[in-house]
Every structure is written in C-alpha cells, then in structure tokens.
>>> print(open('my_file_7.cif').read())   # mmCIF, C-alpha atoms and all ligand atoms
data_structure
#
loop_
_atom_site.group_PDB
_atom_site.id
_atom_site.type_symbol
_atom_site.label_atom_id
_atom_site.label_comp_id
_atom_site.auth_asym_id
_atom_site.auth_seq_id
_atom_site.Cartn_x
_atom_site.Cartn_y
_atom_site.Cartn_z
ATOM 1 C CA MET A 12 1.759 -30.820 62.125
ATOM 2 C CA VAL A 13 -1.726 -31.984 61.182
ATOM 3 C CA GLN A 14 -3.105 -35.052 62.948
ATOM 4 C CA GLU A 15 -6.156 -36.830 61.547
ATOM 5 C CA PRO A 16 -7.677 -40.312 61.448
ATOM 6 C CA LEU A 17 -6.053 -42.580 58.852
ATOM 7 C CA PHE A 18 -9.114 -44.823 58.430
ATOM 8 C CA LYS A 19 -12.614 -44.765 59.842
ATOM 9 C CA ASN A 20 -12.005 -46.824 62.973
ATOM 10 C CA ILE A 21 -8.261 -47.285 63.155
ATOM 11 C CA GLY A 22 -4.954 -45.571 62.484
ATOM 12 C CA VAL A 23 -3.737 -41.983 62.577
ATOM 13 C CA SER A 24 -1.931 -39.850 60.051
ATOM 14 C CA LEU A 25 0.531 -37.081 60.840
ATOM 15 C CA LYS A 26 1.349 -34.639 58.077
ATOM 16 C CA SER A 27 3.827 -31.833 58.031
ATOM 17 C CA GLU A 28 5.117 -29.563 55.265
ATOM 18 C CA GLN A 29 8.078 -28.193 57.191
ATOM 19 C CA GLY A 30 8.695 -30.299 60.267
ATOM 20 C CA SER A 31 11.269 -33.047 60.542
ATOM 21 C CA ILE A 32 10.279 -36.568 61.371
ATOM 22 C CA LEU A 33 13.168 -36.610 63.840
ATOM 23 C CA SER A 34 11.400 -34.147 66.117
ATOM 24 C CA MET A 35 8.950 -36.861 67.240
ATOM 25 C CA ASP A 36 9.848 -38.303 70.629
ATOM 26 C CA ARG A 37 9.547 -41.800 72.033
ATOM 27 C CA LYS A 38 6.765 -41.055 74.501
ATOM 28 C CA SER A 39 4.367 -39.614 71.947
ATOM 29 C CA LEU A 40 5.143 -42.411 69.475
ATOM 30 C CA VAL A 41 4.377 -45.081 72.067
ATOM 31 C CA SER A 42 1.115 -43.442 73.028
ATOM 32 C CA LEU A 43 0.014 -42.854 69.404
ATOM 33 C CA LEU A 44 0.836 -46.429 68.442
ATOM 34 C CA THR A 45 -0.944 -47.862 71.479
ATOM 35 C CA ASP A 46 -4.052 -45.801 70.753
ATOM 36 C CA HIS A 47 -4.170 -46.181 66.974
ATOM 37 C CA GLY A 48 -2.330 -49.382 65.957
ATOM 38 C CA VAL A 49 -0.876 -47.836 62.802
ATOM 39 C CA ILE A 50 0.622 -44.414 62.082
ATOM 40 C CA LEU A 51 1.280 -42.797 58.698
ATOM 41 C CA PHE A 52 3.931 -40.052 58.747
ATOM 42 C CA ARG A 53 3.686 -37.857 55.658
ATOM 43 C CA PHE A 54 6.513 -35.409 56.249
ATOM 44 C CA LYS A 55 8.384 -33.699 53.464
ATOM 45 C CA ASN A 56 12.002 -34.699 52.979
ATOM 46 C CA SER A 57 12.015 -37.974 54.876
ATOM 47 C CA THR A 58 15.062 -39.570 53.303
ATOM 48 C CA GLN A 59 15.993 -43.217 53.842
ATOM 49 C CA GLU A 60 18.700 -41.993 56.209
ATOM 50 C CA ALA A 61 16.190 -39.985 58.268
ATOM 51 C CA PHE A 62 13.883 -43.006 58.252
ATOM 52 C CA GLU A 63 16.640 -45.234 59.635
ATOM 53 C CA SER A 64 17.497 -42.762 62.417
ATOM 54 C CA PHE A 65 13.832 -42.353 63.226
ATOM 55 C CA THR A 66 13.320 -46.096 63.694
ATOM 56 C CA GLY A 67 15.918 -45.962 66.482
ATOM 57 C CA VAL A 68 13.583 -43.837 68.614
ATOM 58 C CA LEU A 69 11.570 -46.865 69.772
ATOM 59 C CA SER A 70 14.166 -49.627 69.923
ATOM 60 C CA ASP A 71 17.605 -50.714 68.800
ATOM 61 C CA SER A 72 16.659 -54.375 68.715
ATOM 62 C CA PHE A 73 16.067 -55.067 65.009
ATOM 63 C CA ILE A 74 15.289 -58.365 63.317
ATOM 64 C CA LYS A 75 16.550 -59.344 59.882
ATOM 65 C CA HIS A 76 14.002 -61.244 57.812
ATOM 66 C CA GLY A 77 15.698 -64.358 56.442
ATOM 67 C CA ALA A 78 13.505 -64.934 53.366
ATOM 68 C CA LYS A 79 15.394 -64.928 50.076
ATOM 69 C CA VAL A 80 12.652 -62.871 48.464
ATOM 70 C CA ARG A 81 13.882 -59.793 50.346
ATOM 71 C CA LYS A 82 17.017 -57.803 49.581
ATOM 72 C CA ALA A 83 19.220 -55.920 52.028
ATOM 73 C CA ARG A 84 19.085 -52.157 51.493
ATOM 74 C CA SER A 85 21.434 -50.925 54.190
ATOM 75 C CA GLU A 86 25.005 -51.912 54.972
ATOM 76 C CA ASP A 87 24.007 -53.820 58.118
ATOM 77 C CA GLY A 88 21.133 -55.501 56.248
ATOM 78 C CA LEU A 89 18.523 -54.330 58.762
ATOM 79 C CA THR A 90 16.723 -52.228 56.172
ATOM 80 C CA GLN A 91 15.248 -54.664 53.653
ATOM 81 C CA THR A 92 12.858 -54.669 50.744
ATOM 82 C CA VAL A 93 9.387 -56.019 51.330
ATOM 83 C CA THR A 94 8.671 -59.407 49.737
ATOM 84 C CA GLU A 95 9.711 -58.866 46.134
ATOM 85 C CA GLY A 96 7.380 -59.270 43.192
ATOM 86 C CA HIS A 97 4.039 -57.689 42.408
ATOM 87 C CA ALA A 98 1.629 -60.366 43.637
ATOM 88 C CA ALA A 99 -1.063 -59.637 46.211
ATOM 89 C CA ILE A 100 -0.264 -60.857 49.731
ATOM 90 C CA VAL A 101 -3.085 -61.718 52.119
ATOM 91 C CA LEU A 102 -3.362 -60.329 55.650
ATOM 92 C CA HIS A 103 -0.860 -61.711 58.140
ATOM 93 C CA THR A 104 1.001 -61.038 61.353
ATOM 94 C CA GLU A 105 4.671 -60.793 60.389
ATOM 95 C CA LEU A 106 6.615 -63.970 61.235
ATOM 96 C CA HIS A 107 3.871 -65.275 63.488
ATOM 97 C CA PHE A 108 5.095 -68.753 62.574
ATOM 98 C CA SER A 109 8.362 -68.328 64.507
ATOM 99 C CA PRO A 110 9.732 -66.987 67.789
ATOM 100 C CA PHE A 111 11.178 -64.056 65.812
ATOM 101 C CA SER A 112 7.936 -62.183 65.220
ATOM 102 C CA PRO A 113 8.640 -58.450 65.566
ATOM 103 C CA ASP A 114 6.547 -56.268 67.881
ATOM 104 C CA ILE A 115 6.593 -53.360 65.454
ATOM 105 C CA MET A 116 7.187 -52.818 61.742
ATOM 106 C CA TRP A 117 8.459 -49.697 60.043
ATOM 107 C CA PHE A 118 7.811 -49.151 56.320
ATOM 108 C CA TYR A 119 9.444 -46.543 54.088
ATOM 109 C CA CYS A 120 8.130 -45.614 50.664
ATOM 110 C CA SER A 121 11.146 -45.067 48.468
ATOM 111 C CA LYS A 122 9.029 -45.127 45.286
ATOM 112 C CA ALA A 123 5.246 -45.032 45.399
ATOM 113 C CA PRO A 124 3.434 -47.156 42.806
ATOM 114 C CA GLN A 125 1.413 -45.198 40.257
ATOM 115 C CA GLU A 126 -1.403 -47.701 40.410
ATOM 116 C CA GLY A 127 -2.226 -50.626 42.746
ATOM 117 C CA GLY A 128 0.335 -51.974 45.211
ATOM 118 C CA GLU A 129 -1.310 -50.499 48.293
ATOM 119 C CA THR A 130 -0.136 -51.996 51.569
ATOM 120 C CA THR A 131 -3.190 -53.374 53.343
ATOM 121 C CA VAL A 132 -3.896 -53.303 57.069
ATOM 122 C CA ALA A 133 -6.640 -54.657 59.312
ATOM 123 C CA ASP A 134 -7.283 -54.389 63.022
ATOM 124 C CA GLY A 135 -6.855 -57.776 64.734
ATOM 125 C CA VAL A 136 -9.227 -56.741 67.553
ATOM 126 C CA GLU A 137 -12.020 -55.926 65.103
ATOM 127 C CA PHE A 138 -11.169 -59.156 63.260
ATOM 128 C CA TYR A 139 -11.608 -61.152 66.467
ATOM 129 C CA ASN A 140 -14.838 -59.385 67.460
ATOM 130 C CA ARG A 141 -16.450 -60.053 64.091
ATOM 131 C CA LEU A 142 -15.637 -63.747 63.913
ATOM 132 C CA SER A 143 -18.583 -66.137 64.288
ATOM 133 C CA LEU A 144 -19.034 -67.652 67.724
ATOM 134 C CA ASN A 145 -17.993 -71.023 66.315
ATOM 135 C CA ALA A 146 -14.780 -69.629 64.907
ATOM 136 C CA LYS A 147 -14.002 -67.771 68.158
ATOM 137 C CA ASN A 148 -14.540 -70.893 70.231
ATOM 138 C CA PHE A 149 -12.454 -72.976 67.881
ATOM 139 C CA LEU A 150 -9.559 -70.513 67.766
ATOM 140 C CA ASN A 151 -9.634 -70.053 71.543
ATOM 141 C CA SER A 152 -9.443 -73.742 72.216
ATOM 142 C CA ASN A 153 -6.857 -74.780 69.628
ATOM 143 C CA LEU A 154 -3.211 -73.961 69.188
ATOM 144 C CA ILE A 155 -1.636 -73.749 65.741
ATOM 145 C CA LYS A 156 1.434 -75.709 64.743
ATOM 146 C CA TYR A 157 3.698 -74.152 62.126
ATOM 147 C CA VAL A 158 6.425 -76.247 60.530
ATOM 148 C CA ASN A 159 9.400 -74.346 59.146
ATOM 149 C CA ILE A 160 12.228 -75.645 56.965
ATOM 150 C CA TRP A 161 14.910 -73.002 56.779
ATOM 151 C CA PRO A 162 18.066 -73.314 54.679
ATOM 152 C CA GLU A 163 21.289 -72.340 56.413
ATOM 153 C CA SER A 164 21.303 -68.915 54.717
ATOM 154 C CA THR A 165 17.941 -68.197 56.345
ATOM 155 C CA TRP A 166 18.413 -69.421 59.906
ATOM 156 C CA ARG A 167 21.756 -67.653 60.163
ATOM 157 C CA GLN A 168 20.006 -64.333 59.541
ATOM 158 C CA TYR A 169 17.840 -64.809 62.620
ATOM 159 C CA MET A 170 20.508 -66.345 64.853
ATOM 160 C CA PRO A 171 23.766 -64.916 63.490
ATOM 161 C CA ASN A 172 25.884 -65.660 66.527
ATOM 162 C CA MET A 173 24.781 -69.210 67.279
ATOM 163 C CA ASN A 174 26.243 -72.549 66.266
ATOM 164 C CA LYS A 175 23.922 -75.472 65.505
ATOM 165 C CA LYS A 176 23.932 -76.732 69.081
ATOM 166 C CA GLN A 177 23.012 -73.302 70.404
ATOM 167 C CA VAL A 178 20.261 -72.974 67.799
ATOM 168 C CA ILE A 179 18.663 -76.230 68.970
ATOM 169 C CA LYS A 180 19.003 -75.164 72.594
ATOM 170 C CA PHE A 181 17.479 -71.752 71.908
ATOM 171 C CA LEU A 182 14.520 -73.199 70.000
ATOM 172 C CA ARG A 183 13.883 -75.817 72.681
ATOM 173 C CA SER A 184 13.768 -72.990 75.230
ATOM 174 C CA LYS A 185 10.880 -71.644 73.107
ATOM 175 C CA ASN A 186 9.164 -75.061 73.246
ATOM 176 C CA CYS A 187 10.045 -75.856 69.633
ATOM 177 C CA GLU A 188 10.972 -79.317 68.399
ATOM 178 C CA ALA A 189 14.030 -78.699 66.224
ATOM 179 C CA ARG A 190 16.604 -80.652 64.195
ATOM 180 C CA PHE A 191 19.068 -80.151 61.362
ATOM 181 C CA GLU A 192 18.993 -81.980 58.039
ATOM 182 C CA ALA A 193 22.135 -83.254 56.320
ATOM 183 C CA ASP A 194 22.211 -80.220 53.974
ATOM 184 C CA GLY A 195 22.318 -77.809 56.934
ATOM 185 C CA SER A 196 18.614 -76.920 56.782
ATOM 186 C CA LEU A 197 16.895 -76.336 60.087
ATOM 187 C CA VAL A 198 13.521 -78.032 60.558
ATOM 188 C CA TYR A 199 11.411 -76.905 63.485
ATOM 189 C CA GLU A 200 7.865 -76.733 64.740
ATOM 190 C CA TYR A 201 6.445 -73.709 66.450
ATOM 191 C CA ILE A 202 3.210 -74.028 68.404
ATOM 192 C CA THR A 203 1.325 -70.901 69.371
ATOM 193 C CA SER A 204 -2.135 -69.422 69.810
ATOM 194 C CA PRO A 205 -3.886 -67.847 66.809
ATOM 195 C CA ILE A 206 -5.437 -65.357 69.247
ATOM 196 C CA GLY A 207 -3.187 -62.804 70.913
ATOM 197 C CA LEU A 208 -3.767 -60.217 73.579
ATOM 198 C CA THR A 209 -3.280 -56.496 73.014
ATOM 199 C CA HIS A 210 -1.756 -54.143 75.561
ATOM 200 C CA GLY A 211 -5.283 -53.229 76.609
ATOM 201 C CA GLN A 212 -5.824 -56.960 77.233
ATOM 202 C CA LYS A 213 -8.222 -57.320 74.348
ATOM 203 C CA ASN A 214 -8.430 -60.529 72.349
ATOM 204 C CA CYS A 215 -6.888 -60.071 68.956
ATOM 205 C CA PHE A 216 -6.896 -62.220 65.803
ATOM 206 C CA SER A 217 -3.215 -62.343 65.095
ATOM 207 C CA ASN A 218 -1.642 -65.178 63.113
ATOM 208 C CA SER A 219 -0.370 -66.440 59.770
ATOM 209 C CA ILE A 220 -3.195 -68.868 58.961
ATOM 210 C CA ALA A 221 -4.335 -67.151 55.761
ATOM 211 C CA ILE A 222 -0.870 -66.478 54.360
ATOM 212 C CA HIS A 223 0.063 -70.131 54.779
ATOM 213 C CA GLN A 224 -2.484 -70.949 52.108
ATOM 214 C CA GLN A 225 -0.418 -68.693 49.839
ATOM 215 C CA TYR A 226 2.895 -70.140 51.016
ATOM 216 C CA MET A 227 1.712 -73.620 50.194
ATOM 217 C CA ASN A 228 -0.271 -72.942 47.022
ATOM 218 C CA ASN A 229 1.804 -70.213 45.419
ATOM 219 C CA VAL A 230 5.300 -71.475 46.073
ATOM 220 C CA PRO A 231 7.106 -69.405 43.360
ATOM 221 C CA LEU A 232 6.023 -66.154 45.036
ATOM 222 C CA PHE A 233 7.917 -67.006 48.201
ATOM 223 C CA GLN A 234 10.705 -69.287 46.938
ATOM 224 C CA GLN A 235 11.981 -68.285 43.560
ATOM 225 C CA ASP A 236 14.982 -70.599 43.619
ATOM 226 C CA ASP A 237 13.718 -73.778 45.226
ATOM 227 C CA GLN A 238 10.608 -75.858 44.845
ATOM 228 C CA LYS A 239 10.781 -77.391 48.299
ATOM 229 C CA VAL A 240 7.743 -76.273 50.304
ATOM 230 C CA ARG A 241 9.209 -74.576 53.342
ATOM 231 C CA HIS A 242 6.120 -74.022 55.419
ATOM 232 C CA GLY A 243 3.476 -76.218 56.935
ATOM 233 C CA ILE A 244 0.525 -75.450 59.153
ATOM 234 C CA SER A 245 -1.919 -77.554 61.144
ATOM 235 C CA LEU A 246 -3.617 -77.629 64.502
ATOM 236 C CA ALA A 247 -1.272 -78.548 67.345
ATOM 237 C CA ASN A 248 -2.538 -82.133 67.208
ATOM 238 C CA GLY A 249 -1.609 -82.403 63.525
ATOM 239 C CA GLN A 250 -5.176 -82.174 62.219
ATOM 240 C CA PRO A 251 -5.728 -79.802 59.285
ATOM 241 C CA ILE A 252 -7.239 -76.367 59.861
ATOM 242 C CA PRO A 253 -10.911 -76.707 58.867
ATOM 243 C CA VAL A 254 -11.571 -75.371 55.361
ATOM 244 C CA ASP A 255 -14.717 -73.514 56.418
ATOM 245 C CA LEU A 256 -12.695 -71.675 59.067
ATOM 246 C CA ILE A 257 -10.122 -70.670 56.439
ATOM 247 C CA ALA A 258 -12.955 -69.471 54.181
ATOM 248 C CA GLU A 259 -14.428 -67.373 57.005
ATOM 249 C CA ILE A 260 -11.011 -65.860 57.778
ATOM 250 C CA MET A 261 -10.423 -64.942 54.113
ATOM 251 C CA GLU A 262 -13.849 -63.370 53.676
ATOM 252 C CA LEU A 263 -13.922 -61.474 56.957
ATOM 253 C CA GLY A 264 -10.328 -60.292 56.477
ATOM 254 C CA GLU A 265 -11.145 -58.791 53.093
ATOM 255 C CA SER A 266 -14.233 -57.041 54.467
ATOM 256 C CA ILE A 267 -12.241 -55.174 57.145
ATOM 257 C CA THR A 268 -9.157 -54.408 55.044
ATOM 258 C CA HIS A 269 -7.924 -50.827 54.667
ATOM 259 C CA GLU A 270 -5.455 -49.671 52.017
ATOM 260 C CA ILE A 271 -2.462 -47.422 52.479
ATOM 261 C CA LYS A 272 -2.071 -45.400 49.292
ATOM 262 C CA TRP A 273 1.606 -44.601 49.276
ATOM 263 C CA GLU A 274 3.257 -41.315 48.436
ATOM 264 C CA ASP A 275 7.018 -40.974 48.057
ATOM 265 C CA GLN A 276 8.830 -40.682 51.411
ATOM 266 C CA ASP A 277 5.878 -41.815 53.496
ATOM 267 C CA ILE A 278 6.751 -43.715 56.659
ATOM 268 C CA VAL A 279 4.357 -46.154 58.321
ATOM 269 C CA LEU A 280 4.716 -47.573 61.819
ATOM 270 C CA LEU A 281 2.585 -50.597 62.622
ATOM 271 C CA ASP A 282 1.955 -52.547 65.840
ATOM 272 C CA ASN A 283 2.531 -56.129 64.661
ATOM 273 C CA THR A 284 1.008 -57.538 67.852
ATOM 274 C CA ARG A 285 -2.353 -56.012 66.921
ATOM 275 C CA MET A 286 -2.542 -55.096 63.233
ATOM 276 C CA LEU A 287 -2.409 -57.502 60.311
ATOM 277 C CA HIS A 288 -0.956 -56.368 56.987
ATOM 278 C CA GLY A 289 -0.569 -57.487 53.389
ATOM 279 C CA ARG A 290 -0.625 -55.863 49.945
ATOM 280 C CA ARG A 291 -2.651 -55.401 46.791
ATOM 281 C CA TYR A 292 -1.536 -56.650 43.397
ATOM 282 C CA TYR A 293 0.179 -54.242 41.022
ATOM 283 C CA ASN A 294 1.122 -54.550 37.379
ATOM 284 C CA PRO A 295 4.661 -55.795 36.705
ATOM 285 C CA ASP A 296 5.420 -52.635 34.702
ATOM 286 C CA VAL A 297 4.625 -50.403 37.703
ATOM 287 C CA VAL A 298 7.676 -49.333 39.732
ATOM 288 C CA ARG A 299 7.235 -49.711 43.492
ATOM 289 C CA ASP A 300 9.942 -49.671 46.153
ATOM 290 C CA ILE A 301 8.913 -50.141 49.791
ATOM 291 C CA LEU A 302 11.504 -50.787 52.503
ATOM 292 C CA VAL A 303 10.976 -52.271 55.904
ATOM 293 C CA ARG A 304 12.651 -52.450 59.323
ATOM 294 C CA MET A 305 11.315 -54.740 62.037
ATOM 295 C CA ALA A 306 11.990 -54.464 65.754
ATOM 296 C CA LYS A 307 11.327 -55.854 69.181
ATOM 297 C CA VAL A 308 10.045 -53.302 71.696
ATOM 298 C CA ASP A 309 9.483 -54.575 75.230
ATOM 299 C CA GLN A 310 6.515 -52.299 75.786
ATOM 300 C CA PHE A 311 4.740 -53.787 72.796
ATOM 301 C CA ARG A 312 5.277 -57.407 73.608
ATOM 302 C CA VAL A 313 2.330 -59.196 75.139
ATOM 303 C CA GLU A 314 2.792 -62.914 75.594
ATOM 304 C CA SER A 315 -0.369 -64.799 74.823
ATOM 305 C CA ASN A 316 -1.736 -66.281 78.031
ATOM 306 C CA LYS A 317 -3.345 -69.054 76.031
ATOM 307 C CA VAL A 318 -0.044 -70.631 75.038
ATOM 308 C CA ASN A 319 1.090 -70.590 78.628
ATOM 309 C CA LYS A 320 -2.152 -72.105 79.806
ATOM 310 C CA ALA A 321 -1.813 -74.864 77.264
ATOM 311 C CA GLY A 322 1.682 -75.506 78.550
HETATM 312 O O1 LIG B 401 4.661 -55.114 49.966
HETATM 313 C C1 LIG B 401 4.082 -54.767 50.996
HETATM 314 O O2 LIG B 401 3.504 -53.691 51.108
HETATM 315 C C2 LIG B 401 4.077 -55.653 52.202
HETATM 316 C C3 LIG B 401 4.500 -57.039 51.888
HETATM 317 C C4 LIG B 401 4.662 -57.818 53.145
HETATM 318 O O3 LIG B 401 3.760 -58.206 53.793
HETATM 319 C C5 LIG B 401 5.990 -57.982 53.660
HETATM 320 O O4 LIG B 401 6.940 -57.859 52.909
HETATM 321 O O5 LIG B 401 6.091 -58.289 54.870
HETATM 322 FE FE FE B 402 4.546 -58.957 55.785
#
>>> encode(input="my_file_7.cif", output="structure tokens", more="lines below")
Ligand SMILES: O=C(O)CCC(=O)C(=O)O
Ligand SMILES: [Fe+2]
Amino acid sequence: MVQEPLFKNIGVSLKSEQGSILSMDRKSLVSLLTDHGVILFRFKNSTQEAFESFTGVLSDSFIKHGAKVRKARSEDGLTQTVTEGHAAIVLHTELHFSPFSPDIMWFYCSKAPQEGGETTVADGVEFYNRLSLNAKNFLNSNLIKYVNIWPESTWRQYMPNMNKKQVIKFLRSKNCEARFEADGSLVYEYITSPIGLTHGQKNCFSNSIAIHQQYMNNVPLFQQDDQKVRHGISLANGQPIPVDLIAEIMELGESITHEIKWEDQDIVLLDNTRMLHGRRYYNPDVVRDILVRMAKVDQFRVESNKVNKAG
C-alpha cells in the first residue's frame, strides 16, 4: 500500500493494486482520520458491497439523509446518492443546520465523471485561522439560528421510530423550538455555533452559512417538487447574517478549496466535524454516480463549548 499526501496541507491518500480495503482496521482508520481530516482510498476492486462492509469498521450508527434530492441505493436506504443534479454546491458541513449532523461521511465513486464534478473539500481549521479578526470575533460571539421546514417524508427518515409527540420532546431536549403544521410538516429552529472545536481542541469554521445562500436563492436545486422555501438562517437574535461576512466566507472558502478528482471505485472518508465539502459543476451530459453513507462515531464528536456557554 502506498501512502502519500492527498493535498498540500491536508488529507492522505492510500493506494493499493492488490490489497483489499477490508484489511484496514479501526485503529489505523481513526488515527489517519484524526491526523489528516480526509482519506482517499484508491484500491482496485472496491465494489459497492465492499464499500458498505468497510463503512461498518468505524460505526454502525448511520444516518439517512431526508432530502428528496437523494435516492436510496441500498435495501436499508443507508447508502444514498449525493444531492442529485449537476450544479455546483458550495462548501458546507453536512446537516450542520440540525441535530442530525454526522461525525463522518463516506463517499463511493460508482461512476467517475469524465470532466468536472469534482467533490471539493476544505479544512475548517485553516478556514478559521485565515478569517479576518472582525469575522473571527463576530463568529465567536454570535450563534446561528437555522429554521427548518421538513415534510413528513423527510422528518420520518431522521426519526423513524418516533411519533409526533416524541419528535417534539426529542427536539426540545436539543434546545430546539418545534411544532407541526396542519399538513404534517415539522417546523423547528436549531441554534448552534458557527465555530466548532476539533479533537485537538482547535477552533474550526464549521457550518452551513454559505450553502444557505444556495438553499434560499436556488430553490429548484434542492426542492424539485415544491416551491416552498424549506430553510432559513439568521443570527440567534433574528438579525440577518451580515452580507460582508457572507462575501468574506465565499471568497476565503474558494481560495482554500481542494478538488477530489474521482476515479471509479474510489472511496473517501471525511471528518465532518472538521472538513467542509461541496462539489464542482459538471455538464448535464456527463455521467457521474457518487454514493454516500453518513455516520455518528463517538470518538469524532466534539460538542462545541460555545453553545453550552451561551446556554
Ligand atoms: O456531489 C458531491 O460530490 C457532494 C454533494 C454534497 O455535498 C452532498 O450530497 O452532500
Ligand atoms: Fe454535502
């Protein structure tokens, strides 16, 4: 097996012509992921079945993404497509806007695009360090409020065994205001810090601020069948996020973005508590098929002290 840096400052790639992905053990995966944030496994013959077994090495606690723009690709629905379509997606922490944010993400390249369609990644620690002092101060002293409106088909994916009363109780235990609308939609607010802490206790820019501009301005990309805007974002006090801060986040994010150029059967493991991800545009006539599995792993969960401090 050949181990080399994936990008200049972050990530590692492991390549093997003969070895099986299933020979990697939990301990080395945890240490590689902690040290490097993102791992590319380029092994020959990594089938979807091998991929699914491999993802069980770190955790058996998987999360199903409830968005309608993803399709189930395994019987239990835990292997899903990435967000469908060919549009670019800006850097984000997966599901940061909810208490269901996974600690890790696994990607599987079932069909690599011929051109474009790279998955993008950026280091949230570098992101934080390179923010202006103003932006750092602002993000450290403000919490973000996300508003989510989830149709019944969505919230049931995240909380399959709960009735409506239990859903409200569960969300209140996570400090969320929550209620149901007459059509069964769940409306709730989730307040959290835009700055997380890594396992090494480093500050980390980790949130869904940028992608909410896409959610709100490019509705068809995320809701093909419904024009109701399902996401909102503001500061915890309801004030809008300053436009110059959003501009700084967009510009800085792009300047520290790396691209994963997929090959068939590649597997990528990403620490969602530290690394942001997104994707580049690709032409609609290009075939691209990337699958994803998302999981909770106790070792990779670091509660942000800032939320606790703010009560
Ligand atoms: O298509 C990709 O590479 C990633 C898209 C994405 O961010 C997602 O589906 O979570
Ligand atoms: Fe994503």
>>> closest_residue(input="my_file_7.cif", among="A:Trp161, A:Tyr201, A:Tyr139, A:Trp117", to="ligand LIG 401 (chain B)", atoms="all atoms listed in the file")
A:Trp117
>>> atom_distance(input="my_file_7.cif", atom1="atom CA of A:Val178", atom2="atom CA of A:Ser109")
13.2 Å
>>> closest_atom_pairs(input="my_file_7.cif", of="chain A", to="ligand LIG 401 (chain B)", cutoff="10 Å", atoms="all atoms listed in the file", output="CSV")
residue,atom,partner,partner_atom,distance
A:His76,CA,B:LIG401,O5,8.9
A:Ala78,CA,B:LIG401,O4,9.7
A:Val80,CA,B:LIG401,O4,8.8
A:Arg81,CA,B:LIG401,O4,7.6
A:Gln91,CA,B:LIG401,O4,8.9
A:Thr92,CA,B:LIG401,O4,7.1
A:Val93,CA,B:LIG401,O4,3.4
A:Thr94,CA,B:LIG401,O4,3.9
A:Glu95,CA,B:LIG401,O1,7.4
A:Gly96,CA,B:LIG401,O1,8.4
A:His97,CA,B:LIG401,O1,8.0
A:Ala98,CA,B:LIG401,O1,8.8
A:Ala99,CA,B:LIG401,O1,8.2
A:Ile100,CA,B:LIG401,O3,6.3
A:Val101,CA,B:LIG401,O3,7.9
A:Leu102,CA,B:LIG401,O3,7.7
A:His103,CA,B:LIG401,O3,7.2
A:Thr104,CA,B:LIG401,O3,8.5
A:Glu105,CA,B:LIG401,O5,6.2
A:Leu106,CA,B:LIG401,O5,8.5
A:Met116,CA,B:LIG401,O5,8.9
A:Phe118,CA,B:LIG401,O2,8.1
A:Tyr119,CA,B:LIG401,O2,9.8
A:Cys120,CA,B:LIG401,O2,9.3
A:Gly128,CA,B:LIG401,O2,6.9
A:Glu129,CA,B:LIG401,O2,6.4
A:Thr130,CA,B:LIG401,O2,4.0
A:Thr131,CA,B:LIG401,O2,7.1
A:Val132,CA,B:LIG401,O2,9.5
A:Ile222,CA,B:LIG401,O3,9.5
A:Glu270,CA,B:LIG401,O2,9.9
A:Ile271,CA,B:LIG401,O2,8.8
A:Trp273,CA,B:LIG401,O2,9.5
A:Leu287,CA,B:LIG401,O3,9.0
A:His288,CA,B:LIG401,O3,6.0
A:Gly289,CA,B:LIG401,O3,4.4
A:Arg290,CA,B:LIG401,O2,4.8
A:Arg291,CA,B:LIG401,O2,7.7
A:Tyr292,CA,B:LIG401,O1,9.2
A:Arg299,CA,B:LIG401,O1,8.8
A:Asp300,CA,B:LIG401,O1,8.5
A:Ile301,CA,B:LIG401,O1,6.5
A:Leu302,CA,B:LIG401,O4,8.4
A:Val303,CA,B:LIG401,O4,7.5
A:Arg304,CA,B:LIG401,O5,9.8
A:Met305,CA,B:LIG401,O5,9.6
>>> closest_residue(input="my_file_7.cif", among="A:Phe73, A:Leu51, A:Cys187, A:Ile115", to="ligand FE 402 (chain B)", atoms="all atoms listed in the file")
A:Ile115
>>> residues_near_point(input="my_file_7.cif", point="(-0.5, -61.3, 65.7)", cutoff="6 Å", atoms="only C-alpha atoms", output="list in words")
Thr104, Ser217, Asn218, Thr284 and Arg285 of chain A
>>> decode(input="my_file_7.cif", residues="stretch 38-42 of chain A", atoms="all heavy atoms", output="mmCIF file, in the first residue's frame")
data_model
loop_
_atom_site.group_PDB
_atom_site.id
_atom_site.type_symbol
_atom_site.label_atom_id
_atom_site.label_comp_id
_atom_site.auth_asym_id
_atom_site.auth_seq_id
_atom_site.Cartn_x
_atom_site.Cartn_y
_atom_site.Cartn_z
ATOM 1 N N LYS A 38 -8.388 0.972 14.299
ATOM 2 C CA LYS A 38 -7.421 1.830 14.985
ATOM 3 C C LYS A 38 -6.649 2.709 13.979
ATOM 4 O O LYS A 38 -6.483 3.906 14.181
ATOM 5 C CB LYS A 38 -6.455 0.940 15.781
ATOM 6 C CG LYS A 38 -5.829 1.662 16.918
ATOM 7 C CD LYS A 38 -5.186 0.719 17.920
ATOM 8 C CE LYS A 38 -4.051 1.445 18.602
ATOM 9 N NZ LYS A 38 -2.773 0.757 18.500
ATOM 10 N N SER A 39 -6.202 2.098 12.895
ATOM 11 C CA SER A 39 -5.433 2.902 11.945
ATOM 12 C C SER A 39 -6.335 3.910 11.227
ATOM 13 O O SER A 39 -5.902 5.026 10.922
ATOM 14 C CB SER A 39 -4.649 2.033 10.960
ATOM 15 O OG SER A 39 -5.440 0.995 10.489
ATOM 16 N N LEU A 40 -7.593 3.535 10.992
ATOM 17 C CA LEU A 40 -8.510 4.494 10.354
ATOM 18 C C LEU A 40 -8.731 5.715 11.237
ATOM 19 O O LEU A 40 -8.693 6.856 10.770
ATOM 20 C CB LEU A 40 -9.874 3.846 10.102
ATOM 21 C CG LEU A 40 -10.026 2.954 8.880
ATOM 22 C CD1 LEU A 40 -11.468 2.530 8.730
ATOM 23 C CD2 LEU A 40 -9.565 3.686 7.635
ATOM 24 N N VAL A 41 -8.958 5.453 12.543
ATOM 25 C CA VAL A 41 -9.203 6.558 13.468
ATOM 26 C C VAL A 41 -7.980 7.468 13.504
ATOM 27 O O VAL A 41 -8.095 8.695 13.424
ATOM 28 C CB VAL A 41 -9.540 6.028 14.889
ATOM 29 C CG1 VAL A 41 -9.498 7.146 15.919
ATOM 30 C CG2 VAL A 41 -10.911 5.355 14.890
ATOM 31 N N SER A 42 -6.789 6.872 13.570
ATOM 32 C CA SER A 42 -5.622 7.734 13.682
ATOM 33 C C SER A 42 -5.347 8.486 12.375
ATOM 34 O O SER A 42 -5.007 9.668 12.391
ATOM 35 C CB SER A 42 -4.444 6.937 14.245
ATOM 36 O OG SER A 42 -3.519 6.664 13.270
#
